[in-house]
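S.K.: What follows is the file query_16.txt, containing compact mmCIF, C-alpha atoms:
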```
# COMPACT_ATOMS: atom_id res chain seq x y z
CA MET A 184 -21.42 12.54 -2.80
CA ASP A 185 -19.30 15.07 -0.96
CA PHE A 186 -16.16 13.66 0.63
CA LYS A 187 -17.02 14.07 4.31
CA PRO A 188 -20.40 12.28 4.04
CA LEU A 189 -18.68 9.61 1.96
CA ILE A 190 -16.06 8.83 4.62
CA GLU A 191 -18.75 8.92 7.29
CA ALA A 192 -20.91 6.46 5.28
CA ARG A 193 -18.15 3.87 4.80
CA TYR A 194 -18.21 0.96 7.22
CA SER A 195 -17.01 -2.64 7.37
CA VAL A 196 -19.73 -4.76 5.77
CA ARG A 197 -19.98 -8.33 6.98
CA LYS A 198 -23.25 -9.35 5.35
CA TYR A 199 -23.71 -9.22 1.59
CA LYS A 200 -26.54 -9.93 -0.79
CA PRO A 201 -25.93 -13.17 -2.74
CA GLU A 202 -25.11 -11.61 -6.10
CA ILE A 203 -22.04 -11.15 -8.26
CA LEU A 204 -21.25 -7.58 -9.23
CA SER A 205 -21.19 -6.55 -12.87
CA ASP A 206 -17.80 -6.14 -14.49
CA GLU A 207 -18.62 -2.44 -14.90
CA LEU A 208 -19.10 -1.89 -11.16
CA LEU A 209 -16.10 -4.00 -10.25
CA ASN A 210 -13.91 -2.13 -12.72
CA GLU A 211 -15.00 1.22 -11.22
CA VAL A 212 -13.69 0.07 -7.83
CA LEU A 213 -10.51 -1.46 -9.25
CA ASP A 214 -9.81 1.72 -11.23
CA ALA A 215 -10.02 3.78 -8.04
CA GLY A 216 -7.23 1.62 -6.63
CA ARG A 217 -5.23 1.99 -9.83
CA MET A 218 -5.48 5.77 -9.57
CA ALA A 219 -4.17 5.90 -5.99
CA PRO A 220 -0.96 7.84 -5.46
CA THR A 221 2.14 5.80 -4.65
CA ALA A 222 5.65 6.67 -3.53
CA VAL A 223 7.62 7.79 -6.61
CA ASN A 224 4.70 6.45 -8.71
CA LYS A 225 6.07 2.88 -8.40
CA GLN A 226 2.56 1.35 -8.16
CA PRO A 227 3.81 -1.79 -6.36
CA PHE A 228 0.55 -3.69 -6.31
CA VAL A 229 -1.58 -6.22 -8.13
CA PHE A 230 -5.31 -6.73 -7.60
CA VAL A 231 -6.47 -10.35 -7.92
CA VAL A 232 -10.25 -10.67 -8.29
CA VAL A 233 -11.56 -13.96 -6.94
CA ASN A 234 -15.10 -15.10 -7.73
CA ASP A 235 -14.54 -18.75 -8.63
CA PRO A 236 -16.40 -20.87 -6.01
CA ASP A 237 -13.49 -23.32 -5.53
CA LYS A 238 -10.96 -20.52 -5.07
CA LEU A 239 -13.32 -18.70 -2.71
CA LYS A 240 -13.67 -21.82 -0.58
CA GLN A 241 -9.88 -21.96 -0.28
CA LEU A 242 -9.77 -18.26 0.64
CA HIS A 243 -12.38 -18.96 3.30
CA GLU A 244 -9.97 -21.51 4.78
CA ALA A 245 -7.32 -18.78 4.98
CA TYR A 246 -9.70 -16.55 6.96
CA SER A 247 -12.14 -18.80 8.75
CA ARG A 248 -15.06 -16.60 9.77
CA ASP A 249 -18.71 -17.47 9.27
CA TRP A 250 -19.55 -14.17 7.60
CA PHE A 251 -16.57 -14.44 5.22
CA SER A 252 -17.63 -17.89 4.04
CA GLN A 253 -20.73 -16.27 2.47
CA VAL A 254 -18.78 -13.76 0.36
CA LEU A 255 -19.04 -14.23 -3.42
CA GLN A 256 -16.31 -11.81 -4.56
CA VAL A 257 -12.99 -10.85 -3.02
CA ILE A 258 -10.27 -8.53 -4.26
CA VAL A 259 -6.90 -9.75 -3.01
CA ILE A 260 -4.56 -6.79 -2.87
CA CYS A 261 -0.96 -7.91 -3.28
CA GLY A 262 2.23 -5.98 -2.79
CA ASP A 263 5.34 -6.25 -4.93
CA HIS A 264 8.29 -5.46 -2.69
CA LYS A 265 10.71 -5.75 -5.63
CA THR A 266 9.22 -2.72 -7.38
CA ALA A 267 8.30 -0.59 -4.35
CA TRP A 268 10.14 2.59 -3.53
CA LYS A 269 12.55 2.37 -0.61
CA ARG A 270 13.65 5.46 1.26
CA SER A 271 17.41 5.98 0.72
CA VAL A 272 18.20 7.15 4.26
CA ASP A 273 17.03 3.97 6.01
CA GLY A 274 15.72 1.62 3.31
CA LYS A 275 12.10 1.82 4.50
CA ASP A 276 9.91 -0.11 2.03
CA HIS A 277 6.72 1.81 1.17
CA THR A 278 4.73 -1.14 -0.23
CA ASP A 279 2.36 -1.32 2.73
CA ILE A 280 1.72 2.42 2.64
CA ASP A 281 0.98 2.33 -1.08
CA LEU A 282 -1.33 -0.67 -0.63
CA ALA A 283 -3.19 1.07 2.16
CA ILE A 284 -3.83 4.11 -0.02
CA ALA A 285 -5.04 1.95 -2.92
CA THR A 286 -7.28 -0.09 -0.62
CA ASP A 287 -8.75 3.07 0.89
CA HIS A 288 -9.48 4.47 -2.57
CA MET A 289 -11.29 1.24 -3.47
CA THR A 290 -13.33 1.15 -0.26
CA LEU A 291 -14.42 4.75 -0.71
CA ARG A 292 -15.33 4.28 -4.39
CA ALA A 293 -17.30 1.17 -3.45
CA THR A 294 -19.17 3.19 -0.82
CA GLU A 295 -19.93 5.89 -3.36
CA LEU A 296 -21.39 3.17 -5.61
CA GLU A 297 -23.51 1.89 -2.69
CA LEU A 298 -21.38 -1.24 -2.39
CA GLY A 299 -19.87 -2.69 0.73
CA THR A 300 -16.36 -3.83 1.61
CA CYS A 301 -14.48 -5.01 4.67
CA TRP A 302 -10.75 -4.57 4.96
CA VAL A 303 -9.38 -7.97 6.13
CA CYS A 304 -5.74 -8.42 7.10
CA ASN A 305 -5.99 -11.25 9.70
CA PHE A 306 -5.57 -14.20 7.33
CA ASP A 307 -3.01 -16.88 6.47
CA PRO A 308 -0.93 -15.35 3.66
CA ALA A 309 0.73 -18.67 2.77
CA LYS A 310 -2.69 -20.25 2.10
CA VAL A 311 -3.76 -17.28 -0.01
CA SER A 312 -0.50 -17.34 -1.99
CA LYS A 313 -0.90 -21.06 -2.65
CA THR A 314 -4.60 -20.71 -3.59
CA LEU A 315 -3.83 -18.00 -6.14
CA ASN A 316 -0.49 -19.47 -7.25
CA LEU A 317 1.15 -16.11 -6.60
CA PRO A 318 4.74 -15.64 -7.72
CA GLY A 319 7.20 -15.35 -4.84
CA HIS A 320 7.67 -11.59 -5.18
CA LEU A 321 3.95 -10.88 -4.55
CA GLU A 322 2.68 -10.72 -0.98
CA PRO A 323 -1.07 -10.93 -0.32
CA ALA A 324 -1.69 -8.05 2.09
CA VAL A 325 -5.45 -7.38 2.10
CA LEU A 326 -8.55 -9.46 1.42
CA LEU A 327 -11.27 -7.07 0.33
CA PRO A 328 -14.67 -8.72 0.09
CA ILE A 329 -17.01 -6.65 -2.03
CA GLY A 330 -20.70 -6.73 -2.83
CA ARG A 331 -24.07 -5.20 -2.12
CA PRO A 332 -24.59 -4.91 1.62
CA GLU A 333 -27.60 -6.52 3.28
CA GLU A 334 -27.73 -3.66 5.79
CA VAL A 335 -27.53 -0.22 4.28
CA GLU A 336 -27.27 1.85 7.43
CA ALA A 337 -23.81 2.20 8.88
CA PRO A 338 -23.42 1.26 12.53
CA PRO A 339 -22.19 4.01 14.87
CA LYS A 340 -18.46 4.61 14.59
CA ARG A 341 -16.23 4.62 17.63
CA ARG A 342 -13.36 6.98 17.00
CA LYS A 343 -10.98 8.88 19.24
CA THR A 344 -11.50 12.62 19.47
CA LEU A 345 -9.08 14.94 17.70
CA SER A 346 -7.71 16.05 21.07
CA GLU A 347 -6.72 12.44 21.77
CA MET A 348 -4.65 12.12 18.61
CA VAL A 349 -3.42 15.51 17.46
CA VAL A 350 -0.29 17.23 18.74
CA PHE A 351 0.99 20.50 17.32
CA ASN A 352 4.67 21.18 16.84
CA GLY A 353 5.90 18.04 18.60
CA TYR A 354 5.74 16.73 22.14
```
Just give me the structure as structure tokens.
M.R.:
Amino acid sequence: MDFKPLIEARYSVRKYKPEILSDELLNEVLDAGRMAPTAVNKQPFVFVVVNDPDKLKQLHEAYSRDWFSQVLQVIVICGDHKTAWKRSVDGKDHTDIDLAIATDHMTLRATELELGTCWVCNFDPAKVSKTLNLPGHLEPAVLLPIGRPEEVEAPPKRRKTLSEMVVFNGY
């Protein structure tokens, strides 16, 4: 698939078929995240795949939405602030930027494989950390449900026009 149709085809899936993905498909998506560029190649992330029913139930408690309670696989994308690059001038930590790039790579690869994802950030990180027994230096940043979408046609996207968001040479 060419890139522009791929990014146009990606949408937030909130209804999945009740099936577990093969390890091969899942690894294709995870590898796309692994290959994402990161600041100074620090790769400050860990991907935790959750498909155990008891763990999923606990994740559902961390993000209590009806649609999410039906999800059978979730990739929890965690940031490691200890290993992330920090800009020397002001100390800005680039973990979140690196995680966003990795997550985007995974969502686009999933779309290319005719899988669905939904980028979820509105959850209780303490509950997720406890559920997964994460070490203190790892922060759960994104819950990425993944599976075969029930609907295959993307809903219309509402996006600002370029003229609403692009400025040349400063203000």
S.K.: Just how far from atom CA of A:Asp281 is atom CA of A:Val350, in Å to one decimal?
M.R.: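 About the pair atom CA of A:Val350 and atom CA of A:Asp281: they are 24.8 Å apart.
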S.K.: Show me a table, sorted first by chain and then by increasing residue number, of the residues of stretch 214-238 of chain A having an atom at most 12 Å from stretch 308-318 of chain A, each with its shortest atom pair and the distance in Å to one decimal, counting only C-alpha atoms and written as a Markdown table.
M.R.:
```
| residue | atom | partner | partner_atom | distance |
| --- | --- | --- | --- | --- |
| A:Val229 | CA | A:Leu317 | CA | 10.4 |
| A:Phe230 | CA | A:Leu317 | CA | 11.4 |
| A:Val231 | CA | A:Leu315 | CA | 8.3 |
| A:Val232 | CA | A:Leu315 | CA | 10.0 |
| A:Val233 | CA | A:Leu315 | CA | 8.8 |
| A:Asn234 | CA | A:Leu315 | CA | 11.7 |
| A:Asp235 | CA | A:Leu315 | CA | 11.0 |
| A:Asp237 | CA | A:Thr314 | CA | 9.5 |
| A:Lys238 | CA | A:Thr314 | CA | 6.5 |
```
S.K.: Quick one: residues within 12 Å of stretch 240-257 of chain A, all atoms listed in the file, excluding same-chain residues fewer than 5 positions away - as JSON, numbers by chain?
M.R.: {"A": [195, 196, 197, 198, 199, 200, 201, 202, 203, 204, 205, 206, 209, 212, 213, 230, 231, 232, 233, 234, 235, 298, 299, 300, 301, 302, 303, 304, 305, 306, 307, 308, 309, 310, 311, 312, 313, 314, 315, 316, 323, 325, 326, 327, 328, 329, 330, 331, 332, 333]}
S.K.: Could those residues be written to a file, using C-alpha atoms, as a PDB file, in the coordinates of the input?
M.R.:
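Below is the file that was written, out-v8.pdb:
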```pdb
ATOM      1  CA  SER A 195     -17.010  -2.640   7.370  1.00  0.00           C
ATOM      2  CA  VAL A 196     -19.730  -4.760   5.770  1.00  0.00           C
ATOM      3  CA  ARG A 197     -19.980  -8.330   6.980  1.00  0.00           C
ATOM      4  CA  LYS A 198     -23.250  -9.350   5.350  1.00  0.00           C
ATOM      5  CA  TYR A 199     -23.710  -9.220   1.590  1.00  0.00           C
ATOM      6  CA  LYS A 200     -26.540  -9.930  -0.790  1.00  0.00           C
ATOM      7  CA  PRO A 201     -25.930 -13.170  -2.740  1.00  0.00           C
ATOM      8  CA  GLU A 202     -25.110 -11.610  -6.100  1.00  0.00           C
ATOM      9  CA  ILE A 203     -22.040 -11.150  -8.260  1.00  0.00           C
ATOM     10  CA  LEU A 204     -21.250  -7.580  -9.230  1.00  0.00           C
ATOM     11  CA  SER A 205     -21.190  -6.550 -12.870  1.00  0.00           C
ATOM     12  CA  ASP A 206     -17.800  -6.140 -14.490  1.00  0.00           C
ATOM     13  CA  LEU A 209     -16.100  -4.000 -10.250  1.00  0.00           C
ATOM     14  CA  VAL A 212     -13.690   0.070  -7.830  1.00  0.00           C
ATOM     15  CA  LEU A 213     -10.510  -1.460  -9.250  1.00  0.00           C
ATOM     16  CA  PHE A 230      -5.310  -6.730  -7.600  1.00  0.00           C
ATOM     17  CA  VAL A 231      -6.470 -10.350  -7.920  1.00  0.00           C
ATOM     18  CA  VAL A 232     -10.250 -10.670  -8.290  1.00  0.00           C
ATOM     19  CA  VAL A 233     -11.560 -13.960  -6.940  1.00  0.00           C
ATOM     20  CA  ASN A 234     -15.100 -15.100  -7.730  1.00  0.00           C
ATOM     21  CA  ASP A 235     -14.540 -18.750  -8.630  1.00  0.00           C
ATOM     22  CA  LEU A 298     -21.380  -1.240  -2.390  1.00  0.00           C
ATOM     23  CA  GLY A 299     -19.870  -2.690   0.730  1.00  0.00           C
ATOM     24  CA  THR A 300     -16.360  -3.830   1.610  1.00  0.00           C
ATOM     25  CA  CYS A 301     -14.480  -5.010   4.670  1.00  0.00           C
ATOM     26  CA  TRP A 302     -10.750  -4.570   4.960  1.00  0.00           C
ATOM     27  CA  VAL A 303      -9.380  -7.970   6.130  1.00  0.00           C
ATOM     28  CA  CYS A 304      -5.740  -8.420   7.100  1.00  0.00           C
ATOM     29  CA  ASN A 305      -5.990 -11.250   9.700  1.00  0.00           C
ATOM     30  CA  PHE A 306      -5.570 -14.200   7.330  1.00  0.00           C
ATOM     31  CA  ASP A 307      -3.010 -16.880   6.470  1.00  0.00           C
ATOM     32  CA  PRO A 308      -0.930 -15.350   3.660  1.00  0.00           C
ATOM     33  CA  ALA A 309       0.730 -18.670   2.770  1.00  0.00           C
ATOM     34  CA  LYS A 310      -2.690 -20.250   2.100  1.00  0.00           C
ATOM     35  CA  VAL A 311      -3.760 -17.280  -0.010  1.00  0.00           C
ATOM     36  CA  SER A 312      -0.500 -17.340  -1.990  1.00  0.00           C
ATOM     37  CA  LYS A 313      -0.900 -21.060  -2.650  1.00  0.00           C
ATOM     38  CA  THR A 314      -4.600 -20.710  -3.590  1.00  0.00           C
ATOM     39  CA  LEU A 315      -3.830 -18.000  -6.140  1.00  0.00           C
ATOM     40  CA  ASN A 316      -0.490 -19.470  -7.250  1.00  0.00           C
ATOM     41  CA  PRO A 323      -1.070 -10.930  -0.320  1.00  0.00           C
ATOM     42  CA  VAL A 325      -5.450  -7.380   2.100  1.00  0.00           C
ATOM     43  CA  LEU A 326      -8.550  -9.460   1.420  1.00  0.00           C
ATOM     44  CA  LEU A 327     -11.270  -7.070   0.330  1.00  0.00           C
ATOM     45  CA  PRO A 328     -14.670  -8.720   0.090  1.00  0.00           C
ATOM     46  CA  ILE A 329     -17.010  -6.650  -2.030  1.00  0.00           C
ATOM     47  CA  GLY A 330     -20.700  -6.730  -2.830  1.00  0.00           C
ATOM     48  CA  ARG A 331     -24.070  -5.200  -2.120  1.00  0.00           C
ATOM     49  CA  PRO A 332     -24.590  -4.910   1.620  1.00  0.00           C
ATOM     50  CA  GLU A 333     -27.600  -6.520   3.280  1.00  0.00           C
TER      51      GLU A 333
END
```
S.K.: Separation of atom CA of A:Met289 and atom CA of A:Ala215, in Å?
M.R.: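 Between these atoms lies a distance of 5.4 Å.
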S.K.: Just give me the gap between atom CA of A:Lys187 and atom CA of A:Ala283 in Å, one decimal is fine.
M.R.: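 These atoms are spaced 19.1 Å apart.
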S.K.: Taking all atoms listed in the file into account, name the residue in A:Asn352, A:Ser346, A:Asn210, A:Thr290 that is nearest to A:Ile190.
M.R.: A:Thr290
S.K.: So which one's closest to A:Asp214, A:Thr286, A:Glu297, A:Glu322, A:Ala337? Using only C-alpha atoms, please.
M.R.: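 Nearest candidate to A:Asp214 out of A:Thr286, A:Glu297, A:Glu322, A:Ala337: A:Thr286.
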S.K.: Of the residues A:Lys225, A:Lys269, A:Arg341, A:His288, which is the one nearest to A:Phe186, using all atoms listed in the file?
M.R.: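 Under the stated criterion, the closest residue is A:His288.
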S.K.: Nearest to A:Leu208: which of A:Glu295, A:Leu189, A:Val272, A:Thr221 is it, counting all atoms listed in the file?
M.R.: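 Going through A:Glu295, A:Leu189, A:Val272, A:Thr221 one by one, the smallest distance to A:Leu208 is for A:Glu295.
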S.K.: Once you count all atoms listed in the file, which residues end up no further than 9 Å from (2.0, -3.9, -7.8) in the file's frame, shown as a CSV table (one decimal) with C-alpha atoms, in the coordinates of the input?
M.R.:
```csv
chain,number,residue,atom,x,y,z
A,225,LYS,CA,6.1,2.9,-8.4
A,226,GLN,CA,2.6,1.4,-8.2
A,227,PRO,CA,3.8,-1.8,-6.4
A,228,PHE,CA,0.6,-3.7,-6.3
A,229,VAL,CA,-1.6,-6.2,-8.1
A,230,PHE,CA,-5.3,-6.7,-7.6
A,260,ILE,CA,-4.6,-6.8,-2.9
A,261,CYS,CA,-1.0,-7.9,-3.3
A,262,GLY,CA,2.2,-6.0,-2.8
A,263,ASP,CA,5.3,-6.2,-4.9
A,264,HIS,CA,8.3,-5.5,-2.7
A,266,THR,CA,9.2,-2.7,-7.4
A,267,ALA,CA,8.3,-0.6,-4.4
A,278,THR,CA,4.7,-1.1,-0.2
A,282,LEU,CA,-1.3,-0.7,-0.6
A,321,LEU,CA,4.0,-10.9,-4.6
```
S.K.: With distances taken over only C-alpha atoms, which residue among A:Lys265, A:Pro339, A:Tyr354, A:Glu207 lies nearest A:Gly319?
M.R.: A:Lys265
